[in-house]
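What follows is the content of structure.cif (mmCIF, C-alpha atoms and all ligand atoms).
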```cif
data_data
#
loop_
_atom_site.label_atom_id
_atom_site.label_comp_id
_atom_site.auth_asym_id
_atom_site.auth_seq_id
_atom_site.Cartn_x
_atom_site.Cartn_y
_atom_site.Cartn_z
CA MET A 1 18.43 -75.00 -14.99
CA PRO A 2 17.84 -72.85 -11.92
CA SER A 3 17.98 -69.08 -12.24
CA SER A 4 21.46 -67.67 -11.62
CA ARG A 5 20.00 -64.68 -9.78
CA PRO A 6 21.22 -64.38 -6.19
CA LEU A 7 18.91 -65.70 -3.51
CA VAL A 8 18.17 -63.53 -0.48
CA ILE A 9 16.89 -65.51 2.49
CA SER A 10 15.40 -63.43 5.25
CA GLY A 11 13.36 -63.94 8.38
CA PRO A 12 13.49 -63.62 12.16
CA SER A 13 16.31 -65.02 14.21
CA GLY A 14 15.67 -68.65 15.12
CA VAL A 15 13.18 -69.28 12.30
CA GLY A 16 15.46 -71.82 10.62
CA LYS A 17 17.23 -69.88 7.85
CA GLY A 18 20.57 -71.45 8.67
CA SER A 19 19.08 -74.95 8.82
CA LEU A 20 17.41 -74.54 5.42
CA ILE A 21 20.49 -73.01 3.79
CA ASP A 22 22.68 -75.84 5.18
CA LYS A 23 20.36 -78.38 3.60
CA LEU A 24 20.46 -76.57 0.26
CA PHE A 25 24.28 -76.48 0.21
CA THR A 26 24.56 -80.11 1.33
CA ALA A 27 22.09 -81.41 -1.26
CA HIS A 28 23.63 -79.35 -4.10
CA PRO A 29 27.32 -78.98 -3.28
CA ASP A 30 28.49 -77.25 -6.48
CA THR A 31 25.55 -74.96 -7.10
CA PHE A 32 25.57 -72.31 -4.39
CA SER A 33 28.00 -69.89 -2.86
CA PHE A 34 28.08 -67.68 0.17
CA THR A 35 29.46 -64.20 -0.09
CA VAL A 36 32.35 -62.91 1.99
CA SER A 37 31.28 -59.93 4.10
CA HIS A 38 33.35 -56.90 4.96
CA THR A 39 33.76 -56.03 8.62
CA THR A 40 35.59 -53.46 10.70
CA ARG A 41 35.93 -55.86 13.61
CA LYS A 42 39.34 -57.36 14.31
CA PRO A 43 40.01 -60.90 13.05
CA ARG A 44 39.64 -63.68 15.62
CA ALA A 45 42.25 -66.42 15.87
CA GLY A 46 42.15 -68.58 12.74
CA GLU A 47 40.10 -66.15 10.66
CA VAL A 48 41.59 -65.51 7.24
CA ASP A 49 41.20 -62.21 5.42
CA GLY A 50 39.22 -62.71 2.21
CA LYS A 51 37.82 -66.04 3.43
CA SER A 52 36.08 -65.49 6.79
CA TYR A 53 35.64 -61.79 6.10
CA PHE A 54 37.31 -58.95 4.30
CA PHE A 55 38.75 -57.09 7.27
CA ALA A 56 38.72 -53.34 6.81
CA THR A 57 39.45 -50.22 8.84
CA HIS A 58 36.57 -47.83 9.51
CA GLU A 59 38.10 -45.47 6.94
CA GLU A 60 38.28 -48.18 4.27
CA PHE A 61 34.76 -49.30 5.05
CA ASP A 62 33.36 -45.75 4.87
CA ALA A 63 35.14 -45.16 1.56
CA LEU A 64 33.44 -48.24 0.11
CA VAL A 65 30.07 -47.01 1.41
CA ALA A 66 30.69 -43.62 -0.22
CA GLU A 67 31.37 -45.19 -3.60
CA ASN A 68 28.20 -47.31 -3.34
CA GLY A 69 30.27 -50.48 -3.04
CA PHE A 70 27.84 -52.31 -0.73
CA VAL A 71 24.47 -53.82 -1.55
CA GLU A 72 23.72 -53.64 2.18
CA HIS A 73 25.60 -52.66 5.28
CA ALA A 74 24.84 -52.25 8.96
CA VAL A 75 26.32 -51.35 12.31
CA PHE A 76 26.31 -53.97 15.08
CA GLY A 77 27.72 -52.74 18.36
CA SER A 78 30.80 -50.71 17.53
CA ASN A 79 31.51 -52.47 14.24
CA LYS A 80 30.26 -52.24 10.69
CA TYR A 81 29.39 -55.15 8.43
CA GLY A 82 28.48 -55.17 4.77
CA THR A 83 28.06 -57.23 1.61
CA SER A 84 29.91 -55.76 -1.36
CA HIS A 85 28.67 -55.76 -4.93
CA ARG A 86 32.00 -57.27 -5.82
CA THR A 87 31.68 -60.43 -3.71
CA ILE A 88 28.32 -61.12 -5.35
CA THR A 89 29.44 -60.52 -8.93
CA GLU A 90 32.62 -62.59 -8.42
CA GLN A 91 30.69 -65.65 -7.24
CA THR A 92 27.95 -65.23 -9.84
CA ALA A 93 30.62 -65.05 -12.56
CA LYS A 94 31.84 -68.49 -11.43
CA GLY A 95 28.41 -69.85 -12.32
CA LEU A 96 27.29 -70.15 -8.69
CA ILE A 97 24.00 -69.00 -7.20
CA VAL A 98 24.85 -66.59 -4.42
CA VAL A 99 22.89 -67.11 -1.20
CA LEU A 100 22.58 -64.15 1.16
CA ASP A 101 21.22 -64.56 4.70
CA ILE A 102 20.13 -61.01 5.45
CA GLU A 103 17.94 -59.27 8.00
CA MET A 104 15.08 -56.90 7.25
CA ASN A 105 17.08 -53.70 7.06
CA GLY A 106 19.47 -55.28 4.59
CA VAL A 107 16.54 -56.36 2.43
CA ARG A 108 15.20 -52.80 2.58
CA GLN A 109 18.52 -51.44 1.36
CA MET A 110 18.75 -54.01 -1.43
CA LYS A 111 15.26 -53.21 -2.63
CA ALA A 112 15.93 -49.47 -2.54
CA ASN A 113 18.96 -49.91 -4.78
CA PRO A 114 18.02 -52.77 -7.09
CA SER A 115 21.33 -53.27 -8.84
CA ILE A 116 21.67 -57.04 -8.52
CA ASP A 117 18.07 -58.22 -8.98
CA PRO A 118 17.96 -61.09 -6.48
CA ARG A 119 15.05 -63.38 -5.67
CA TYR A 120 13.70 -62.81 -2.17
CA VAL A 121 12.53 -65.61 0.13
CA PHE A 122 11.06 -64.90 3.56
CA ILE A 123 11.05 -67.70 6.11
CA GLN A 124 8.31 -67.48 8.72
CA PRO A 125 7.58 -69.46 11.88
CA PRO A 126 4.23 -71.23 12.27
CA SER A 127 3.69 -69.00 15.35
CA MET A 128 5.58 -66.71 17.71
CA ALA A 129 5.36 -69.40 20.39
CA VAL A 130 7.17 -71.87 18.12
CA LEU A 131 9.79 -69.27 17.25
CA GLU A 132 10.39 -68.63 20.95
CA SER A 133 10.79 -72.31 21.72
CA ARG A 134 13.25 -72.76 18.81
CA LEU A 135 15.32 -69.81 19.94
CA ARG A 136 15.43 -71.15 23.49
CA GLY A 137 15.95 -74.70 22.28
CA ARG A 138 19.01 -73.65 20.29
CA GLY A 139 20.50 -72.54 23.58
CA THR A 140 22.97 -70.11 22.03
CA GLU A 141 21.51 -66.84 23.33
CA SER A 142 21.19 -65.25 26.76
CA GLU A 143 17.69 -64.51 28.06
CA GLU A 144 18.19 -60.84 27.25
CA ASP A 145 19.19 -61.73 23.72
CA VAL A 146 16.19 -64.05 23.27
CA GLN A 147 13.88 -61.18 24.32
CA ARG A 148 15.60 -58.77 21.95
CA ARG A 149 15.35 -61.21 19.03
CA LEU A 150 11.66 -61.88 19.72
CA ALA A 151 10.88 -58.17 19.76
CA GLN A 152 12.71 -57.78 16.44
CA ALA A 153 10.88 -60.85 15.06
CA ALA A 154 7.52 -59.08 15.17
CA ALA A 155 8.91 -56.32 12.96
CA GLU A 156 10.51 -58.86 10.62
CA LEU A 157 7.18 -60.67 10.13
CA GLU A 158 5.27 -57.47 9.56
CA PHE A 159 7.85 -56.36 7.00
CA ALA A 160 7.76 -59.68 5.12
CA ASN A 161 3.97 -59.68 4.99
CA ALA A 162 3.98 -56.19 3.49
CA GLN A 163 6.16 -57.26 0.54
CA THR A 164 4.52 -58.26 -2.70
CA GLY A 165 5.76 -60.77 -5.21
CA ASP A 166 8.27 -62.46 -2.91
CA LYS A 167 8.23 -66.08 -1.83
CA ILE A 168 7.09 -66.77 1.74
CA ILE A 169 7.79 -70.18 3.25
CA VAL A 170 6.44 -71.22 6.64
CA ASN A 171 9.00 -73.40 8.38
CA ASP A 172 6.75 -75.73 10.36
CA ASP A 173 8.10 -79.15 9.40
CA LEU A 174 11.71 -78.66 8.27
CA GLU A 175 11.58 -81.25 5.44
CA THR A 176 8.39 -79.76 4.00
CA ALA A 177 9.80 -76.23 4.18
CA TYR A 178 13.01 -77.42 2.57
CA ARG A 179 11.18 -79.06 -0.32
CA GLU A 180 9.26 -75.84 -0.91
CA LEU A 181 12.51 -73.86 -0.93
CA GLU A 182 14.19 -76.31 -3.28
CA GLU A 183 11.26 -76.25 -5.65
CA PHE A 184 11.28 -72.45 -5.71
CA VAL A 185 15.02 -72.26 -6.29
CA PHE A 186 15.08 -74.82 -9.09
CA GLN A 187 12.00 -73.68 -10.93
CA GLU A 188 12.67 -72.45 -14.47
N1 LIG B 201 11.18 -76.88 11.12
C1 LIG B 201 11.84 -76.94 12.28
N2 LIG B 201 11.33 -77.66 13.29
C2 LIG B 201 11.96 -77.69 14.47
N3 LIG B 201 13.12 -77.09 14.76
C3 LIG B 201 13.69 -76.34 13.79
C4 LIG B 201 13.09 -76.24 12.50
N4 LIG B 201 13.88 -75.43 11.74
C5 LIG B 201 14.92 -75.08 12.52
N5 LIG B 201 14.82 -75.63 13.75
C6 LIG B 201 15.72 -75.43 14.90
O1 LIG B 201 15.49 -74.09 15.37
C7 LIG B 201 16.70 -73.48 15.80
C8 LIG B 201 16.94 -72.20 15.01
O2 LIG B 201 17.26 -72.54 13.65
P1 LIG B 201 18.41 -71.76 12.86
O3 LIG B 201 19.63 -71.62 13.71
O4 LIG B 201 18.54 -72.43 11.54
O5 LIG B 201 17.71 -70.32 12.70
P2 LIG B 201 18.20 -68.98 11.95
O6 LIG B 201 16.99 -68.42 11.31
O7 LIG B 201 19.35 -69.29 11.06
O8 LIG B 201 18.65 -68.06 13.15
P3 LIG B 201 19.71 -66.82 13.18
O9 LIG B 201 19.17 -65.78 12.25
O10 LIG B 201 19.70 -66.39 14.62
O11 LIG B 201 21.03 -67.38 12.74
C9 LIG B 201 17.80 -74.52 15.60
O12 LIG B 201 18.03 -75.17 16.84
C10 LIG B 201 17.21 -75.46 14.56
O13 LIG B 201 17.73 -76.78 14.68
#
```

For this file, produce the structure as C-alpha cells.
Amino acid sequence: MPSSRPLVISGPSGVGKGSLIDKLFTAHPDTFSFTVSHTTRKPRAGEVDGKSYFFATHEEFDALVAENGFVEHAVFGSNKYGTSHRTITEQTAKGLIVVLDIEMNGVRQMKANPSIDPRYVFIQPPSMAVLESRLRGRGTESEEDVQRRLAQAAAELEFANAQTGDKIIVNDDLETAYRELEEFVFQE
C-alpha cells in the first residue's frame, strides 16, 4: 500500500512535472486526486465553481488567509491563488493520495507550517540547456515568458538542492524518471 500522505511535486517550469503527473494519474486512475484551488480571478467560460476552482472575492480570500485556511497561497498579477487545507483533507478522506504541483514559494510556506505532512519530490532538468529547449519546444510561452521562467528556474534548483530528506528526480529520459517517481510513491 502506498502512503496516503499528500505528494508535493515541485520544480522549474518546463521540467516535466505535468508530464510525470499525467503519467501517474493515467497508470493509476483511482489512486490520486488533484486539489481544487481558490482564486480571486473571474471564471472563464465553462469553468465551474468548486470544480475548476473555488472562485472567491478578495475579501473572502483574505478572510480565509486570516484564519490560516490555506496551506499555500500566492499572488499572480492582480489575482490571488491558494490551496486550502479543506480541499486536501476532503480528498485524503476519500482514500485518495492528493498530488500538489507547487512552486518553490508554496513549498516554503508548506514547510513553515507543517500541518499536513506531505512527501516532497523535486523534479530537476539534466541541465539548464535542456530545460530551455523543453520550454521553447513546448511553444506555449512568449520569449519574454521563457526568459522569466529560466531566471526563476535557477532559484528553484538552488532551493531544491538546499532541502534535506526530500526526493530529487532528474527528468532526463521521461520513462526512467517516471519509474523512479512511481517507485518512490508506492514504496511502503
Ligand atoms: N524527459 C523528457 N524528455 C523530453 N521532453 C520532455 C521530458 N519531460 C517533459 N518533456 C517535455 O517538456 C515540456 C515541458 O514539460 P511539462 O509541461 O510537463 O513541464 P512542467 O514542469 O509541468 O511545466 P509548468 O510548470 O510550466 O507547467 C513538454 O513539451 C513536455 O512534453

Shell around Ser84 in chain A at 8 Å using all atoms listed in the file, local window under 2 positions removed, as a list in words
Ser37, His38, Gly69, Phe70, Val71, Glu72, Gly82, Arg86, Thr87 and Ile88 of chain A

Residue among A:Glu59, A:Asp117, A:Asp22, A:Glu103 lying closest to Phe159 in chain A, counting all atoms listed in the file:
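With all atoms listed in the file as the atom set, the closest residue is A:Glu103.
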
Proximity to ligand LIG 201 (chain B) - best of A:Val15, A:Ala154, A:Val8, A:Leu131, all atoms listed in the file
A:Val15

Pick the closest to ligand LIG 201 (chain B) from A:Asp49, A:Asp173, A:Glu60, A:Asp101: which is it, counting only C-alpha atoms and all ligand atoms?
A:Asp173

Using all atoms listed in the file, which protein or nucleic acid residues come within 10 Å of Ala177 in chain A? Drop anything in the same chain fewer than 5 positions from it, and give the result as a VMD selection string.
chain A and resid 16 20 123 to 124 169 to 172 182 to 183

Closest contacts (chain A/ligand LIG 201 (chain B), max 12 Å, all atoms listed in the file) as CSV:
```
residue,atom,partner,partner_atom,distance
A:Ile9,CA,B:LIG201,O6,9.3
A:Ser10,CA,B:LIG201,O6,8.0
A:Gly11,CA,B:LIG201,O6,6.5
A:Pro12,CA,B:LIG201,O6,6.0
A:Ser13,CA,B:LIG201,O9,3.5
A:Gly14,CA,B:LIG201,O5,3.6
A:Val15,CA,B:LIG201,O6,4.0
A:Gly16,CA,B:LIG201,O4,3.3
A:Lys17,CA,B:LIG201,O6,3.8
A:Gly18,CA,B:LIG201,O7,3.4
A:Ser19,CA,B:LIG201,O4,3.7
A:Leu20,CA,B:LIG201,O4,6.6
A:Ile21,CA,B:LIG201,O4,8.0
A:Asp22,CA,B:LIG201,O4,8.3
A:Lys23,CA,B:LIG201,O4,10.1
A:Leu100,CA,B:LIG201,O7,11.6
A:Asp101,CA,B:LIG201,O9,7.9
A:Ile102,CA,B:LIG201,O9,8.4
A:Glu103,CA,B:LIG201,O9,7.9
A:Met104,CA,B:LIG201,O9,11.0
A:Phe122,CA,B:LIG201,O6,10.4
A:Ile123,CA,B:LIG201,O6,7.9
A:Gln124,CA,B:LIG201,O6,9.1
A:Pro125,CA,B:LIG201,N1,8.3
A:Pro126,CA,B:LIG201,N1,9.0
A:Ser127,CA,B:LIG201,N1,11.7
A:Val130,CA,B:LIG201,C2,8.4
A:Leu131,CA,B:LIG201,O1,7.7
A:Glu132,CA,B:LIG201,O1,9.3
A:Ser133,CA,B:LIG201,O1,8.1
A:Arg134,CA,B:LIG201,O1,4.3
A:Leu135,CA,B:LIG201,C7,5.7
A:Arg136,CA,B:LIG201,C7,8.1
A:Gly137,CA,B:LIG201,O12,5.8
A:Arg138,CA,B:LIG201,O12,3.9
A:Gly139,CA,B:LIG201,O12,7.6
A:Thr140,CA,B:LIG201,O12,8.8
A:Glu141,CA,B:LIG201,O10,8.9
A:Asp145,CA,B:LIG201,O10,10.2
A:Val146,CA,B:LIG201,O10,9.6
A:Arg148,CA,B:LIG201,O10,11.3
A:Arg149,CA,B:LIG201,O10,8.1
A:Leu150,CA,B:LIG201,O10,10.5
A:Gln152,CA,B:LIG201,O9,11.1
A:Ala153,CA,B:LIG201,O9,10.0
A:Glu156,CA,B:LIG201,O9,11.2
A:Ile169,CA,B:LIG201,N1,10.9
A:Val170,CA,B:LIG201,N1,8.6
A:Asn171,CA,B:LIG201,N1,4.9
A:Asp172,CA,B:LIG201,N1,4.6
A:Asp173,CA,B:LIG201,N1,4.2
A:Leu174,CA,B:LIG201,N1,3.4
A:Glu175,CA,B:LIG201,N1,7.2
A:Thr176,CA,B:LIG201,N1,8.2
A:Ala177,CA,B:LIG201,N1,7.1
A:Tyr178,CA,B:LIG201,N1,8.8
A:Arg179,CA,B:LIG201,N1,11.6
```

Can you tell me, as a VMD selection string, what residues are no more than 10 Å from Lys167 in chain A when counting all atoms listed in the file, ignoring any on the same chain fewer than 2 positions away?
chain A and resid 9 119 to 123 160 163 to 165 169 180 to 181 184

Those residues you just picked out, can you put them in a file as a CSV table (one decimal), keeping the file's coordinate frame with C-alpha atoms?
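Written out: result_2.csv:
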```csv
chain,number,residue,atom,x,y,z
A,9,ILE,CA,16.9,-65.5,2.5
A,119,ARG,CA,15.0,-63.4,-5.7
A,120,TYR,CA,13.7,-62.8,-2.2
A,121,VAL,CA,12.5,-65.6,0.1
A,122,PHE,CA,11.1,-64.9,3.6
A,123,ILE,CA,11.0,-67.7,6.1
A,160,ALA,CA,7.8,-59.7,5.1
A,163,GLN,CA,6.2,-57.3,0.5
A,164,THR,CA,4.5,-58.3,-2.7
A,165,GLY,CA,5.8,-60.8,-5.2
A,169,ILE,CA,7.8,-70.2,3.2
A,180,GLU,CA,9.3,-75.8,-0.9
A,181,LEU,CA,12.5,-73.9,-0.9
A,184,PHE,CA,11.3,-72.4,-5.7
```

Skip Arg41 in chain A itself and residues of its chain fewer than 2 positions away, then list as a count of residues only all residues within 8 Å of it, counting all atoms listed in the file.
6

Measure the distance from CA of Ala93 in chain A to CA of Val48 in chain A in Å and round it to one decimal.
22.6 Å

Length of the CA of Phe32 in chain A to CA of Val99 in chain A vector [Å]:
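So the answer is 6.7 Å.
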